[in-house]
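For reference, final-v1.tsv is printed below; it contains TSV, C-alpha atoms.
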chain	number	residue	atom	x	y	z
A	274	LYS	CA	77.76	125.18	-109.37
A	275	THR	CA	74.84	123.17	-110.75
A	276	LEU	CA	73.19	119.77	-110.88
A	277	ASP	CA	73.22	117.26	-113.71
A	278	PHE	CA	69.71	117.04	-115.18
A	279	SER	CA	70.72	114.98	-118.21
A	280	LYS	CA	68.10	112.32	-117.35
A	281	ASP	CA	65.33	114.93	-117.29
A	282	PRO	CA	66.51	117.88	-119.42
A	283	GLU	CA	63.02	119.21	-120.14
A	284	MET	CA	61.50	119.32	-116.65
A	285	GLY	CA	64.70	119.50	-114.60
A	286	LYS	CA	63.24	117.52	-111.71
A	287	VAL	CA	65.54	114.47	-111.72
A	288	ALA	CA	69.14	115.13	-110.69
A	289	CYS	CA	71.70	112.39	-111.36
A	290	GLY	CA	74.87	114.19	-110.31
A	291	HIS	CA	76.46	117.56	-109.66
A	292	ILE	CA	79.00	119.78	-111.40
A	293	SER	CA	81.48	122.04	-109.61
A	294	LYS	CA	82.49	125.55	-110.64
A	295	ASP	CA	85.77	124.09	-111.92
A	296	THR	CA	83.74	121.78	-114.21
A	297	GLU	CA	84.35	118.56	-112.28
A	298	LYS	CA	81.39	116.21	-112.75
A	299	VAL	CA	80.31	113.78	-110.03
A	300	ALA	CA	77.79	111.12	-111.02
A	301	TRP	CA	75.47	109.75	-108.33
A	302	VAL	CA	74.66	106.07	-107.86
A	303	LYS	CA	71.07	107.10	-107.05
A	304	ASP	CA	68.97	109.83	-108.66
A	305	LEU	CA	67.18	112.51	-106.67
A	306	TRP	CA	63.70	113.82	-107.46
A	307	LEU	CA	63.39	117.54	-106.74
A	308	GLU	CA	59.76	118.03	-105.81
A	309	GLY	CA	57.73	120.18	-103.45
A	310	ALA	CA	58.78	123.36	-101.66
A	311	VAL	CA	62.29	124.58	-102.44
A	312	GLU	CA	63.27	124.67	-98.75
A	313	GLY	CA	62.25	121.02	-98.51
A	314	TYR	CA	64.15	119.60	-101.45
A	315	LEU	CA	67.25	121.69	-100.69
A	316	VAL	CA	67.53	119.91	-97.34
A	317	LYS	CA	67.08	116.59	-99.13
A	318	LEU	CA	69.67	117.64	-101.71
A	319	GLU	CA	72.26	118.39	-99.04
A	320	GLU	CA	71.68	115.03	-97.38
A	321	HIS	CA	71.69	113.23	-100.73
A	322	VAL	CA	75.01	114.74	-101.84
A	323	ARG	CA	76.65	113.69	-98.57
A	324	MET	CA	75.38	110.13	-98.96
A	325	MET	CA	76.45	109.92	-102.60
A	326	LEU	CA	79.94	111.09	-101.70
A	327	ARG	CA	80.10	108.48	-98.94
A	328	GLU	CA	79.06	105.80	-101.42
A	329	GLU	CA	81.76	106.92	-103.87
A	330	LEU	CA	84.39	107.00	-101.13
A	331	GLU	CA	83.49	103.44	-100.15
A	332	MET	CA	83.89	102.31	-103.77
A	333	ALA	CA	87.20	104.18	-104.04
A	334	ARG	CA	88.48	102.67	-100.79
A	335	ASN	CA	87.55	99.13	-101.82
A	336	ALA	CA	89.07	99.53	-105.29
A	337	ALA	CA	92.28	100.92	-103.78
A	338	ASP	CA	93.07	97.47	-102.38
A	339	ASN	CA	93.86	96.44	-105.96
A	340	TRP	CA	96.30	99.24	-106.81
A	341	GLU	CA	99.15	96.80	-107.29
A	342	MET	CA	97.14	94.11	-109.14
A	343	ASP	CA	94.14	95.48	-111.04
A	344	LYS	CA	94.25	99.21	-111.71
A	345	PRO	CA	97.33	101.25	-110.63
A	346	ARG	CA	96.65	104.34	-108.55
A	347	GLU	CA	97.65	106.74	-111.33
A	348	ARG	CA	94.72	105.28	-113.34
A	349	TRP	CA	92.42	104.50	-110.40
A	350	LEU	CA	92.10	108.18	-109.50
A	351	GLU	CA	90.31	108.91	-112.79
A	352	ASP	CA	87.27	106.95	-111.62
A	353	TYR	CA	86.55	109.21	-108.64
A	354	CYS	CA	86.28	112.92	-107.94
A	355	SER	CA	89.39	114.77	-106.77
A	356	GLN	CA	88.26	115.18	-103.16
A	357	LEU	CA	87.53	111.49	-102.64
A	358	SER	CA	90.59	110.30	-104.58
A	359	LEU	CA	92.63	112.30	-102.10
A	360	VAL	CA	90.75	111.04	-99.03
A	361	GLY	CA	90.98	107.47	-100.30
A	362	THR	CA	94.72	107.90	-100.74
A	363	GLN	CA	95.05	109.26	-97.19
A	364	ILE	CA	93.04	106.35	-95.77
A	365	LEU	CA	95.33	103.84	-97.51
A	366	TRP	CA	98.44	105.71	-96.35
A	367	THR	CA	97.21	105.57	-92.74
A	368	GLU	CA	96.33	101.87	-92.94
A	369	GLU	CA	99.62	100.97	-94.62
A	370	THR	CA	101.65	102.90	-92.06
A	371	HIS	CA	99.92	101.01	-89.27
A	372	ARG	CA	100.75	97.74	-91.00
A	373	VAL	CA	104.39	98.82	-91.21
A	374	PHE	CA	104.44	99.41	-87.44
A	375	ASP	CA	102.97	95.92	-86.98
A	376	GLU	CA	105.68	94.46	-89.22
A	377	ILE	CA	108.39	96.24	-87.24
A	378	GLU	CA	106.94	94.86	-84.01
A	379	SER	CA	107.07	91.39	-85.57
A	380	GLY	CA	110.78	91.76	-86.25
A	381	SER	CA	110.99	93.33	-89.73
A	382	GLU	CA	113.56	96.06	-89.05
A	383	ASN	CA	113.58	97.43	-92.63
A	384	ALA	CA	109.79	97.65	-93.03
A	385	MET	CA	109.70	101.45	-92.74
A	386	LYS	CA	112.55	101.86	-95.23
A	387	GLU	CA	110.74	99.61	-97.69
A	388	TYR	CA	107.52	101.57	-97.28
A	389	LYS	CA	109.41	104.79	-97.94
A	390	LYS	CA	110.47	103.26	-101.27
A	391	VAL	CA	106.81	102.46	-102.02
A	392	ASN	CA	105.91	106.12	-101.39
A	393	ASP	CA	108.73	107.29	-103.66
A	394	ASP	CA	107.64	104.93	-106.42
A	395	ARG	CA	104.00	106.06	-106.27
A	396	ILE	CA	105.00	109.73	-106.44
A	397	GLU	CA	107.30	109.01	-109.39
A	398	LYS	CA	104.46	107.32	-111.29
A	399	LEU	CA	102.17	110.30	-110.69
A	400	ILE	CA	104.88	112.70	-111.87
A	401	LYS	CA	105.31	110.71	-115.07
A	402	ARG	CA	101.55	110.68	-115.59
A	403	VAL	CA	101.17	114.42	-115.09
A	404	GLN	CA	103.80	115.00	-117.79
A	405	THR	CA	101.54	113.37	-120.40
A	406	ASN	CA	98.64	114.90	-122.29
A	407	LEU	CA	95.81	115.18	-119.74
A	408	SER	CA	92.59	117.10	-119.28
A	409	LYS	CA	92.67	120.05	-116.90
A	410	ASP	CA	90.54	118.21	-114.32
A	411	VAL	CA	92.75	115.12	-114.22
A	412	ARG	CA	95.93	117.21	-114.14
A	413	ASN	CA	94.69	119.25	-111.18
A	414	LYS	CA	93.64	116.05	-109.42
A	415	ILE	CA	97.06	114.45	-109.83
A	416	ILE	CA	98.89	117.59	-108.71
A	417	THR	CA	96.70	117.70	-105.60
A	418	ILE	CA	97.51	114.10	-104.72
A	419	ILE	CA	101.22	114.63	-105.38
A	420	THR	CA	101.17	117.57	-102.95
A	421	ILE	CA	99.76	115.43	-100.14
A	422	ASP	CA	101.85	112.40	-101.16
A	423	VAL	CA	105.06	114.37	-100.74
A	424	HIS	CA	104.06	115.29	-97.19
A	425	GLY	CA	103.23	111.66	-96.40
A	426	ARG	CA	106.56	110.52	-97.88
A	427	ASP	CA	108.41	113.12	-95.79
A	428	ILE	CA	106.69	111.83	-92.64
A	429	ILE	CA	107.75	108.26	-93.41
A	430	GLU	CA	111.29	109.43	-94.19
A	431	GLY	CA	111.36	111.19	-90.82
A	432	PHE	CA	110.30	107.95	-89.12
A	433	VAL	CA	113.17	106.15	-90.87
A	434	ASN	CA	115.75	108.77	-89.87
A	435	THR	CA	114.60	108.97	-86.24
A	436	LYS	CA	113.93	105.21	-86.00
A	437	ILE	CA	110.28	105.58	-85.00
A	438	SER	CA	108.94	102.05	-84.60
A	439	ASP	CA	105.89	102.35	-82.36
A	440	ALA	CA	102.37	103.34	-83.43
A	441	THR	CA	101.90	105.04	-80.04
A	442	ASP	CA	104.79	107.45	-80.64
A	443	PHE	CA	103.67	111.11	-80.53
A	444	LYS	CA	105.28	111.83	-83.90
A	445	TRP	CA	102.79	109.43	-85.46
A	446	LEU	CA	99.80	110.31	-83.28
A	447	SER	CA	100.32	114.00	-84.06
A	448	GLN	CA	99.72	113.37	-87.76
A	449	LEU	CA	96.31	113.88	-89.36
A	450	ARG	CA	95.17	110.29	-89.89
A	451	PHE	CA	92.20	108.95	-91.86
A	452	TYR	CA	90.50	105.61	-91.10
A	453	TRP	CA	87.66	103.69	-92.74
A	454	GLY	CA	85.42	102.01	-90.18
A	455	MET	CA	82.29	102.18	-88.06
A	456	CYS	CA	81.57	105.41	-86.20
A	457	PRO	CA	82.96	105.23	-82.62
A	458	THR	CA	80.25	105.09	-79.98
A	459	GLY	CA	79.99	107.03	-76.77
A	460	GLN	CA	81.89	110.09	-78.00
A	461	ASN	CA	78.98	112.29	-79.16
A	462	LEU	CA	80.45	112.58	-82.65
A	463	VAL	CA	78.41	114.25	-85.41
A	464	SER	CA	77.98	111.79	-88.27
A	465	TYR	CA	75.92	111.98	-91.47
A	466	THR	CA	76.35	108.24	-92.09
A	467	PRO	CA	73.83	105.63	-90.87
A	468	ASP	CA	75.09	103.68	-87.86
A	469	THR	CA	75.07	100.45	-89.89
A	470	GLN	CA	77.55	101.75	-92.49
A	471	LYS	CA	81.27	102.47	-92.38
A	472	THR	CA	82.51	106.02	-92.69
A	473	CYS	CA	85.73	108.04	-92.69
A	474	ILE	CA	87.09	108.77	-89.22
A	475	VAL	CA	89.68	111.53	-88.81
A	476	LYS	CA	92.11	111.53	-85.87
A	477	ILE	CA	94.99	113.64	-84.62
A	478	CYS	CA	96.44	113.23	-81.10
A	479	ASP	CA	93.39	112.55	-78.90
A	480	TRP	CA	90.95	114.45	-81.14
A	481	VAL	CA	88.47	112.50	-83.26
A	482	THR	CA	85.84	113.59	-85.76
A	483	ILE	CA	83.78	112.08	-88.57
A	484	TYR	CA	84.32	113.18	-92.16
A	485	CYS	CA	81.32	115.31	-93.15
A	486	TYR	CA	81.38	114.76	-96.94
A	487	GLU	CA	81.08	118.45	-97.76
A	488	TYR	CA	81.89	118.74	-101.45
A	489	VAL	CA	84.65	121.26	-102.25
A	490	GLY	CA	85.37	120.55	-105.91
A	491	ASN	CA	88.67	120.07	-107.71
A	492	CYS	CA	90.34	123.10	-106.14
A	493	GLY	CA	93.82	121.84	-105.23
A	494	ARG	CA	95.62	121.88	-101.89
A	495	LEU	CA	98.33	123.98	-100.30
A	496	VAL	CA	101.73	122.49	-99.51
A	497	ILE	CA	101.86	121.09	-95.95
A	498	THR	CA	104.79	122.38	-93.91
A	499	PRO	CA	105.88	121.64	-90.31
A	500	LEU	CA	104.03	124.84	-89.33
A	501	THR	CA	100.87	123.46	-90.97
A	502	ASP	CA	101.18	120.31	-88.87
A	503	ARG	CA	101.44	122.38	-85.70
A	504	CYS	CA	98.43	124.43	-86.75
A	505	TYR	CA	96.44	121.21	-87.22
A	506	ILE	CA	97.28	120.15	-83.67
A	507	THR	CA	96.51	123.55	-82.15
A	508	LEU	CA	93.20	124.00	-83.98
A	509	THR	CA	91.93	120.48	-83.35
A	510	GLN	CA	92.83	120.62	-79.66
A	511	ALA	CA	90.93	123.91	-79.43
A	512	LEU	CA	87.95	122.26	-81.11
A	513	GLY	CA	88.19	119.40	-78.64
A	514	LEU	CA	88.12	121.86	-75.75
A	515	THR	CA	85.32	123.85	-77.48
A	516	LEU	CA	87.36	127.05	-77.21

Whole structure given in structure tokens:
Amino acid sequence: KTLDFSKDPEMGKVACGHISKDTEKVAWVKDLWLEGAVEGYLVKLEEHVRMMLREELEMARNAADNWEMDKPRERWLEDYCSQLSLVGTQILWTEETHRVFDEIESGSENAMKEYKKVNDDRIEKLIKRVQTNLSKDVRNKIITIITIDVHGRDIIEGFVNTKISDATDFKWLSQLRFYWGMCPTGQNLVSYTPDTQKTCIVKICDWVTIYCYEYVGNCGRLVITPLTDRCYITLTQALGLTL
């Protein structure tokens, strides 16, 4: 909707963040000077917003390692915008699920059942939090994460019921998975992140793309159904074949 010019309210040439139409405010770790021709600084603005969102996602991802020790997830999410809180959650879910598969391979037969309990517990804590007195922005953010959490929990429950124990199983590979790492080389992937920095990598089946950091605001998400999962596969395979 607009930029945050609180550091330069008179001239309006120094932007230090942006504000969505649903009033979510995102502070930047670096300010941006808006100078010169409008077509010039708009290009710089687009690039700057992408980089600031990447920086925030990196901070969110690193802080998420301390969910169980420092700041619990139901409080952690307040420090980051809705979009990146959700992506950070999905990255951790992907990484944790991979670790569960490794544990199963090492002989821990109940690892998937235990992780299902972790998913249930996290959802329960978010539900309790959303029942308290919250601002509209935080409430919408929590509801969004609960929506995606429930789908992730259902996937893990399906793995338990069908005894999926291998990370190469199609039922796992066919899920939309988010990773934090260096951009893969040799695949002609479009990335807005410098080659020396980590970024978010999105995979489903044999399709891979790089997260583009396009800001969408605190707009919520639709419930994911089995039909949604099939649509993800169909659409991404079409993209891979450039249909």

**Study point:** Proximity to Val433 of chain A - best of A:Trp349, A:Trp306, A:Tyr388, A:Tyr486, all atoms listed in the file
**Key:** A:Tyr388

**Study point:** Contacts of Arg412 of chain A within 10 Å, all atoms listed in the file, excl. fewer than 5 positions in-chain, as a VMD selection string
**Key:** chain A and resid 399 402 to 407 417

**Study point:** Selection near Gln448 of chain A, 9 Å with only C-alpha atoms, sequence-local residues under 5 positions removed, as number ranges by chain
**Key:** A: 428, 443, 476-478, 502, 505-506

Exercise for review: Kindly extract all protein, DNA and RNA residues lying within 9 Å of the coordinates (99.7, 111.3, -104.5) given in the file, considering all atoms listed in the file, and supply them as a list in words.
Suggested key: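 Residues found, by chain and rising number: Arg346, Glu347, Leu359, Thr362, Gln363, Asn392, Arg395, Ile396, Leu399, Ile415, Ile416, Thr417, Ile418, Ile419, Thr420, Ile421, Asp422, Val423 and Gly425 of chain A.
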
Review point. Separation of atom CA of Thr507 of chain A and atom CA of Arg323 of chain A, in Å?
Key: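 Distance reported for this atom pair: 27.6 Å.
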
Could you build a table of the residues in segment 443-493 of chain A lying no more than 12 Å from segment 332-341 of chain A, giving for each the nearest pair of atoms and their separation in Å rounded to one decimal place, using all atoms listed in the file, ordered by chain and ascending residue number, as a tab-separated table?
residue	atom	partner	partner_atom	distance
A:Phe451	CA	A:Arg334	CA	11.5
A:Tyr452	CA	A:Arg334	CA	10.3
A:Trp453	CA	A:Arg334	CA	8.2
A:Gly454	CA	A:Arg334	CA	11.1
A:Lys471	CA	A:Arg334	CA	11.1
A:Thr472	CA	A:Arg334	CA	10.6
A:Cys473	CA	A:Arg334	CA	10.1

Practice item. Compile the contact shell of Thr458 of chain A as JSON, numbers by chain: residues with an atom at most 12 Å away, counting all atoms listed in the file, same-chain residues fewer than 5 positions apart removed. Key: {"A": [463, 464, 468, 481, 482, 483]}

Practice item. Give me, please, the distance in Å between atom CA of Trp366 of chain A and atom CA of Cys456 of chain A, quoted to one decimal. Key: 19.7 Å

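In this structure, atom CA of Gly290 of chain A sits 9.0 Å away from atom CA of Met325 of chain A.
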
Point to revise | Residue nearest Asp393 of chain A among A:Glu308, A:Glu368, A:Asp295, A:Glu430 (counting all atoms listed in the file) | key: A:Glu430

Practice item. Please provide the set of residues having any atom within 10 Å of Ile377 of chain A, restricted to all atoms listed in the file, with same-chain residues fewer than 6 positions apart removed, written as JSON, numbers by chain. Key: {"A": [371, 383, 384, 385, 437, 438, 439]}
